[in-house]
Structures are given as C-alpha cells and as structure tokens.
$ cat query_23.cif   # mmCIF, C-alpha atoms
data_structure
loop_
_atom_site.label_atom_id
_atom_site.label_comp_id
_atom_site.auth_asym_id
_atom_site.auth_seq_id
_atom_site.Cartn_x
_atom_site.Cartn_y
_atom_site.Cartn_z
CA SER A 1 0.00 0.00 0.00
CA VAL A 2 1.01 3.62 -0.46
CA LYS A 3 1.31 5.74 2.69
CA GLY A 4 -1.66 8.10 3.04
CA LEU A 5 -3.70 6.36 0.34
CA THR A 6 -6.37 3.96 1.53
CA SER A 7 -8.22 2.92 -1.62
CA VAL A 8 -7.54 1.67 -5.14
CA PRO A 9 -9.09 4.80 -6.78
CA GLN A 10 -6.76 7.04 -4.75
CA VAL A 11 -3.72 4.98 -5.80
CA LEU A 12 -4.80 5.05 -9.46
CA THR A 13 -5.39 8.81 -9.29
CA MET A 14 -1.87 9.31 -7.91
CA MET A 15 -0.36 7.05 -10.60
CA ASN A 16 -2.21 8.83 -13.40
CA GLN A 17 -1.14 12.22 -12.03
CA LYS A 18 2.51 11.19 -11.87
CA LEU A 19 2.33 9.68 -15.39
CA ASP A 20 0.81 12.90 -16.71
CA TRP A 21 3.58 14.97 -15.12
CA THR A 22 6.26 12.60 -16.53
CA VAL A 23 4.80 12.91 -20.04
CA GLN A 24 4.72 16.71 -19.79
CA LEU A 25 8.34 16.83 -18.64
CA GLY A 26 9.42 14.39 -21.38
CA GLU A 27 7.76 16.52 -24.05
CA ALA A 28 9.54 19.59 -22.70
CA PHE A 29 12.97 17.89 -22.92
CA LEU A 30 12.30 17.24 -26.61
CA ALA A 31 11.63 20.95 -27.09
CA GLN A 32 13.78 23.96 -26.08
CA PRO A 33 15.81 24.30 -22.85
CA ASP A 34 13.61 27.20 -21.72
CA ASP A 35 10.59 24.95 -22.10
CA VAL A 36 12.22 22.41 -19.77
CA GLN A 37 12.62 24.99 -17.00
CA THR A 38 9.05 26.18 -17.51
CA ALA A 39 7.76 22.60 -17.37
CA ILE A 40 9.74 21.88 -14.18
CA GLN A 41 8.34 25.00 -12.53
CA THR A 42 4.80 24.12 -13.64
CA LEU A 43 5.11 20.59 -12.26
CA ARG A 44 6.59 21.89 -9.00
CA SER A 45 3.62 24.26 -8.65
CA LYS A 46 1.19 21.41 -9.33
CA ALA A 47 2.89 19.22 -6.72
CA GLU A 48 2.74 22.03 -4.14
CA ALA A 49 -0.94 22.66 -4.89
CA ALA A 50 -1.69 18.92 -4.61
CA ALA A 51 -0.05 18.88 -1.17
CA VAL A 52 -2.30 21.77 -0.06
CA TYR A 53 -5.44 19.90 -1.21
CA GLU A 54 -4.30 16.75 0.57
CA ALA A 55 -3.75 18.71 3.80
CA ILE A 56 -7.24 20.23 3.52
CA ALA A 57 -8.76 16.79 2.88
CA ARG A 58 -7.10 15.43 6.02
CA ARG A 59 -8.42 18.38 8.00
CA THR A 60 -12.00 18.45 6.69
CA GLY A 61 -12.69 14.86 5.70
CA PRO A 62 -14.58 13.96 2.49
CA THR A 63 -17.30 16.15 1.00
CA GLN A 64 -20.78 14.71 1.50
CA PHE A 65 -22.43 14.43 -1.95
CA LEU A 66 -26.19 15.11 -1.92
CA GLY A 67 -26.76 15.46 -5.65
CA TYR A 68 -28.66 12.20 -6.14
CA GLU A 69 -31.42 13.42 -3.83
CA THR A 70 -31.50 17.16 -4.46
CA VAL A 71 -30.20 20.04 -6.58
CA THR A 72 -30.15 22.48 -3.64
CA ALA A 73 -28.46 22.10 -0.27
CA GLU A 74 -27.27 23.94 2.80
CA GLY A 75 -23.65 23.59 3.79
CA ARG A 76 -20.57 25.35 5.10
CA LEU A 77 -17.64 26.81 3.16
CA LEU A 78 -14.58 25.12 4.64
CA ALA A 79 -11.70 26.35 2.49
CA ILE A 80 -10.83 28.88 -0.24
CA LEU A 81 -7.83 28.37 -2.51
CA ARG A 82 -6.27 30.25 -5.41
CA ASP A 83 -3.10 29.14 -7.21
CA GLY A 84 -2.39 26.61 -4.47
CA VAL A 85 -2.62 29.17 -1.64
CA GLU A 86 -5.34 29.05 1.01
CA TYR A 87 -7.22 32.29 1.86
CA GLU A 88 -9.70 33.34 4.51
CA THR A 89 -11.80 35.58 2.25
CA LEU A 90 -12.70 36.05 -1.41
CA THR A 91 -14.12 39.26 -2.81
CA ALA A 92 -15.74 40.34 -6.07
CA LYS A 93 -13.50 43.41 -6.14
CA GLY A 94 -10.30 41.41 -6.34
CA ASP A 95 -7.26 42.15 -4.17
CA GLU A 96 -4.83 44.87 -5.24
CA GLU A 97 -2.17 43.79 -2.78
CA LEU A 98 -2.22 40.21 -4.06
CA ARG A 99 -2.64 41.36 -7.68
CA THR A 100 -5.89 39.46 -7.99
CA ALA A 101 -8.18 40.77 -10.71
CA PRO A 102 -11.95 41.05 -10.20
CA GLY A 103 -13.64 37.94 -11.53
CA ALA A 104 -10.58 35.72 -11.02
CA SER A 105 -11.59 32.17 -10.22
CA ALA A 106 -10.80 30.29 -7.03
CA GLU A 107 -11.35 26.76 -5.70
CA LEU A 108 -13.80 26.17 -2.87
CA ILE A 109 -14.32 23.21 -0.54
CA PHE A 110 -17.68 22.68 1.23
CA ASP A 111 -18.66 20.12 3.84
CA ARG A 112 -21.72 19.08 1.76
CA THR A 113 -22.59 19.68 -1.88
CA PRO A 114 -25.30 18.92 -4.45
CA PHE A 115 -22.75 19.54 -7.25
CA TYR A 116 -21.66 16.40 -9.13
CA ALA A 117 -17.86 16.19 -9.42
CA GLU A 118 -16.58 15.27 -12.88
CA GLY A 119 -16.16 11.54 -13.33
CA GLY A 120 -16.66 8.68 -15.77
CA GLY A 121 -16.38 11.06 -18.72
CA GLN A 122 -19.24 13.21 -17.41
CA ILE A 123 -18.47 16.88 -16.73
CA GLY A 124 -19.02 18.40 -13.30
CA ASP A 125 -22.03 20.47 -12.27
CA ALA A 126 -22.25 24.26 -12.35
CA GLY A 127 -24.61 26.67 -10.58
CA TYR A 128 -24.64 29.20 -7.75
CA VAL A 129 -23.81 29.43 -4.05
CA ARG A 130 -25.15 32.18 -1.78
CA THR A 131 -23.74 33.17 1.59
CA ALA A 132 -24.76 35.96 3.97
CA GLY A 133 -22.12 38.21 2.41
CA GLY A 134 -21.83 37.22 -1.23
CA LEU A 135 -22.94 35.36 -4.36
CA LEU A 136 -20.70 32.79 -6.05
CA ARG A 137 -21.04 31.37 -9.54
CA ILE A 138 -19.82 27.77 -9.67
CA LEU A 139 -18.14 27.13 -13.04
CA ASP A 140 -17.13 23.51 -12.59
CA THR A 141 -16.78 20.75 -10.00
CA LYS A 142 -13.98 18.18 -9.93
CA PRO A 143 -12.94 15.42 -7.52
CA GLY A 144 -10.00 16.10 -5.21
CA PRO A 145 -7.88 13.90 -2.94
CA GLY A 146 -9.43 12.27 0.09
CA GLY A 147 -12.95 12.42 -1.32
CA ILE A 148 -13.27 16.21 -1.38
CA ALA A 149 -15.14 17.99 -4.17
CA VAL A 150 -13.32 21.02 -5.60
CA HIS A 151 -15.63 23.77 -6.89
CA THR A 152 -14.16 26.30 -9.32
CA ALA A 153 -15.98 29.58 -8.73
CA VAL A 154 -15.98 33.35 -9.16
CA VAL A 155 -17.53 35.88 -6.78
CA GLN A 156 -20.41 37.62 -8.53
CA SER A 157 -20.98 40.11 -5.72
CA GLY A 158 -19.93 40.84 -2.16
CA GLU A 159 -17.46 38.81 -0.17
CA VAL A 160 -17.34 35.23 1.07
CA ARG A 161 -15.37 33.90 4.01
CA ALA A 162 -14.18 30.47 5.09
CA GLY A 163 -16.66 29.22 7.70
CA ASP A 164 -19.67 30.90 6.05
CA GLU A 165 -22.97 29.04 5.92
CA ALA A 166 -23.84 28.51 2.25
CA HIS A 167 -26.89 27.73 0.12
CA ALA A 168 -25.99 25.83 -3.06
CA GLU A 169 -28.11 25.59 -6.21
CA VAL A 170 -27.22 23.38 -9.17
CA ASP A 171 -27.99 24.66 -12.68
CA GLU A 172 -30.90 22.28 -13.32
CA VAL A 173 -31.13 22.94 -17.06
CA ARG A 174 -27.45 22.07 -17.51
CA ARG A 175 -27.76 19.04 -15.20
CA SER A 176 -30.80 17.73 -17.13
CA ALA A 177 -29.10 18.16 -20.50
CA THR A 178 -26.05 16.31 -19.18
CA ALA A 179 -28.24 13.54 -17.74
CA ARG A 180 -29.94 13.05 -21.14
CA ALA A 181 -26.55 12.74 -22.79
CA HIS A 182 -25.49 10.26 -20.08
CA THR A 183 -28.61 8.18 -20.72
CA ALA A 184 -27.78 8.28 -24.43
CA THR A 185 -24.36 6.68 -23.78
CA HIS A 186 -26.08 3.64 -22.21
CA VAL A 187 -28.52 3.42 -25.12
CA ILE A 188 -25.73 3.71 -27.69
CA HIS A 189 -23.65 1.12 -25.82
CA TRP A 190 -26.49 -1.41 -25.96
CA THR A 191 -27.23 -0.60 -29.60
CA LEU A 192 -23.64 -1.03 -30.81
CA LYS A 193 -23.21 -4.33 -28.95
CA HIS A 194 -26.54 -5.50 -30.37
CA LEU A 195 -25.58 -4.67 -33.97
CA LEU A 196 -21.78 -5.14 -34.02
CA GLY A 197 -21.19 -7.75 -31.32
CA ASP A 198 -20.03 -7.92 -27.72
CA HIS A 199 -16.60 -6.57 -28.64
CA ALA A 200 -18.12 -3.09 -29.23
CA ARG A 201 -17.77 -2.18 -25.58
CA GLN A 202 -17.40 1.29 -24.14
CA ALA A 203 -13.74 2.32 -24.27
CA GLY A 204 -14.30 5.87 -23.06
CA SER A 205 -16.78 8.70 -23.33
CA LEU A 206 -17.30 12.42 -22.97
CA VAL A 207 -20.68 13.54 -21.61
CA GLN A 208 -21.61 17.22 -21.81
CA PRO A 209 -24.90 19.16 -21.82
CA GLY A 210 -26.63 18.33 -25.09
CA ARG A 211 -23.84 16.27 -26.65
CA LEU A 212 -21.61 13.26 -26.09
CA ARG A 213 -18.81 11.21 -27.57
CA PHE A 214 -18.81 7.41 -27.17
CA ASP A 215 -15.57 5.47 -27.85
CA PHE A 216 -15.70 1.81 -28.87
CA PRO A 217 -13.44 -0.78 -30.54
CA HIS A 218 -14.33 -2.32 -33.93
CA HIS A 219 -12.27 -4.04 -36.62
CA ALA A 220 -13.45 -1.76 -39.46
CA ALA A 221 -15.44 1.35 -40.29
CA VAL A 222 -19.13 0.96 -39.45
CA PRO A 223 -21.14 0.59 -42.72
CA ALA A 224 -23.64 3.36 -43.47
CA ASP A 225 -26.62 0.96 -43.40
CA VAL A 226 -25.62 -0.37 -39.96
CA LEU A 227 -25.23 3.18 -38.67
CA ALA A 228 -28.71 3.99 -39.99
CA GLN A 229 -30.06 0.94 -38.13
CA ALA A 230 -28.30 2.06 -34.97
CA GLU A 231 -29.78 5.56 -35.20
CA ASP A 232 -33.29 4.14 -35.71
CA LEU A 233 -32.94 1.70 -32.83
CA ALA A 234 -31.35 4.11 -30.37
CA GLY A 235 -33.28 7.20 -31.41
CA VAL A 236 -30.03 9.16 -31.07
CA PRO A 237 -28.89 11.09 -34.19
CA GLY A 238 -25.16 10.93 -34.76
CA ARG A 239 -22.28 9.91 -36.97
CA VAL A 240 -19.29 7.64 -36.51
CA VAL A 241 -15.85 9.14 -36.92
CA GLY A 242 -13.22 6.42 -36.69
CA HIS A 243 -14.31 4.46 -33.63
CA TRP A 244 -16.17 7.37 -32.02
CA TRP A 245 -19.89 7.92 -32.09
CA VAL A 246 -20.33 11.70 -32.11
CA VAL A 247 -23.86 12.72 -31.24
CA LEU A 248 -25.38 15.75 -32.90
CA PRO A 249 -26.79 18.43 -30.54
CA LEU A 250 -29.66 17.00 -28.50
CA ARG A 251 -32.66 19.32 -28.33
CA GLY A 252 -35.55 18.73 -25.94
CA ASN A 253 -35.43 15.07 -24.95
CA PRO A 254 -35.05 12.95 -28.11
CA VAL A 255 -33.12 10.21 -26.34
CA ALA A 256 -34.85 6.83 -26.34
CA GLU A 257 -35.82 5.60 -22.88
CA LEU A 258 -33.82 2.60 -21.68
CA ASP A 259 -37.01 0.71 -20.81
CA HIS A 260 -38.11 0.34 -24.45
CA LEU A 261 -35.09 -1.84 -25.31
CA PRO A 262 -36.28 -5.45 -24.94
CA ASP A 263 -33.16 -7.21 -23.68
CA LEU A 264 -31.14 -4.37 -22.23
CA ALA A 265 -29.06 -5.15 -19.17
CA PRO A 266 -30.38 -3.68 -15.92
CA ARG A 267 -29.94 0.04 -15.39
CA PRO A 268 -26.54 0.88 -13.87
CA SER A 269 -26.59 1.55 -10.15
CA ARG A 270 -25.65 4.95 -8.79
CA SER A 271 -22.19 3.72 -7.87
CA GLU A 272 -21.66 2.38 -11.41
CA GLU A 273 -22.75 5.67 -12.93
CA ARG A 274 -20.22 7.49 -10.79
#
$ encode --input "query_23.cif" --output "structure tokens"
Amino acid sequence: SVKGLTSVPQVLTMMNQKLDWTVQLGEAFLAQPDDVQTAIQTLRSKAEAAAVYEAIARRTGPTQFLGYETVTAEGRLLAILRDGVEYETLTAKGDEELRTAPGASAELIFDRTPFYAEGGGQIGDAGYVRTAGGLLRILDTKPGPGGIAVHTAVVQSGEVRAGDEAHAEVDEVRRSATARAHTATHVIHWTLKHLLGDHARQAGSLVQPGRLRFDFPHHAAVPADVLAQAEDLAGVPGRVVGHWWVVLPLRGNPVAELDHLPDLAPRPSRSEER
C-alpha cells in the first residue's frame, strides 16, 4: 500500500497524475531548454498545490455528496484556494495587494454539496452558491484527494469567508441536458453491442450538456446501413468518426428511454454511474 492512500481509486489517481507529469516533462525535454525549465516550474507548482489539497482533505474529511437526492443544499464553506494558496476571504473586487483581478476564479471546498464532481467522462455540475455576504457562480466541480469535491468559482458580488454558511443551487437545465446525454451513452452502448457484437464495448466517453462522444473498438469502419439501423434503434442522431460515435446536438429530450429496449441489461446503479 502507499502511505496516506487507503483505496484503489486514490492509488490510481496518484499514478495517473505522476504519469501525466512525466509525459509533460518528457515533451519539454524534446523541445527547447527554456521549455524544460518552464515545465519543471509548472510541475513543481502542481505538486505544491496537490499537497495543499491533501492537507485540507485530512483536516475536513470527504465532502458529502447530496446530488442524487437534491439540486439544492445547505452547507458550510470550509476552504478557499487560489493558485495553491489558502485564503480566509474572497471578494468580487479582487485584491490589489495580491494582484488578484476582479472575476478571477478560485477553488472552494464545502462540507456538503449537491454539485456532481466530474467523473466517468461526465463533466461536473455548475450553478450558484449564496452566503450571507456574497454570491458565487460555480463554473465547474472536480474530484479532489481524500474524497473532497473542488468547486471552481468566481464571486459575482460581495465577499465570502471560510466558515460561512452557504446555500448551493445546481444549474438544473445544464444538469438535465447532461443527464440526457449520459442516458444516451447507455442506449448507444447497448445498440452497438446489439448490432456489431459484444466486442463493441465502451472504451471511453465524454458527456456534456446536449452532446456526447462514445468510444468503442471495432475491426473496421461501421457501414452506413448499420449506422442507420443504430440511429433508428437508439433514437439518437449521430455519426461515426473512426471508432467514435459523435452525437449531434440533443434538443428537448429525443433520447430513447432505456425501458423500451427489450433485452437491455439492468440500469446501472448509482455507484456504477459514478
């Protein structure tokens, strides 16, 4: 086991992070000497920021995710970070002394959140958080070490302070559009296996509001007539580029419901969707 890491996902996250940093540094060595120094400094900054997040996770414990039950929640702002440095306050006016421009983003940690953290190819939630002193716009949510959720945000008005009580509201329109695209990946997965064979398994995906990309292995280009069959069966308009199914913009709710597919495997559980 690795000291400080207690689960397989944490170990894999650490390995992927280190591999990513190694690749970046290797690419820099193949470029110019100045690029090498820049890459080393960038990786050093990333490592320092990661250590700050890990320290916060040890102090606060994991973020409680409430997003399966609700799109609004009450919580407490536990930590504010910007460029790997922890702050007590964040203001819409910026900070002249710290050379922070108005509207500059920061990362926030709450004890509880309805915001889904990016995972499984699905992007994180966005929305708003209100405190007694300010209004925050949440731009994105990503998973951090130790089970914390990291919210990228800007202060729309006022000032927020670590320790503030907070009311969080997920952008429901964006969440619903993302959920439809997520449903579409399960429908497309079933359809491709049904038409091409069991080898056409999901090899990756990107799920965003109103669109998705589904990666799958196949020994040759998918014939036009098979693609037409797949579109009819799935009810999801799209085109295959290489071994990607790229879905055209989804308007309204054109995605076929999983229940109408006669021999579809059971719906994934919440843990599988995550």
$ resolve_selection --input "query_23.cif" --expression "the PyMOL selection byres ((chain A and resi 160) around 6)" --output "PyMOL selection string"
chain A and resi 89-90+133-134+159+161
$ atom_distance --input "query_23.cif" --atom1 "CA of Arg82 (chain A)" --atom2 "CA of Thr70 (chain A)"
28.4 Å
$ atom_distance --input "query_23.cif" --atom1 "CA of Asp232 (chain A)" --atom2 "CA of Ser176 (chain A)"
23.2 Å
$ atom_distance --input "query_23.cif" --atom1 "CA of Gly119 (chain A)" --atom2 "CA of Gly163 (chain A)"
27.5 Å
$ resolve_selection --input "query_23.cif" --expression "the PyMOL selection byres ((chain A and resi 50-62) around 6)" --output "list in words"
Ala47, Glu48, Ala49, Thr63, Pro145, Gly146, Gly147 and Ile148 of chain A
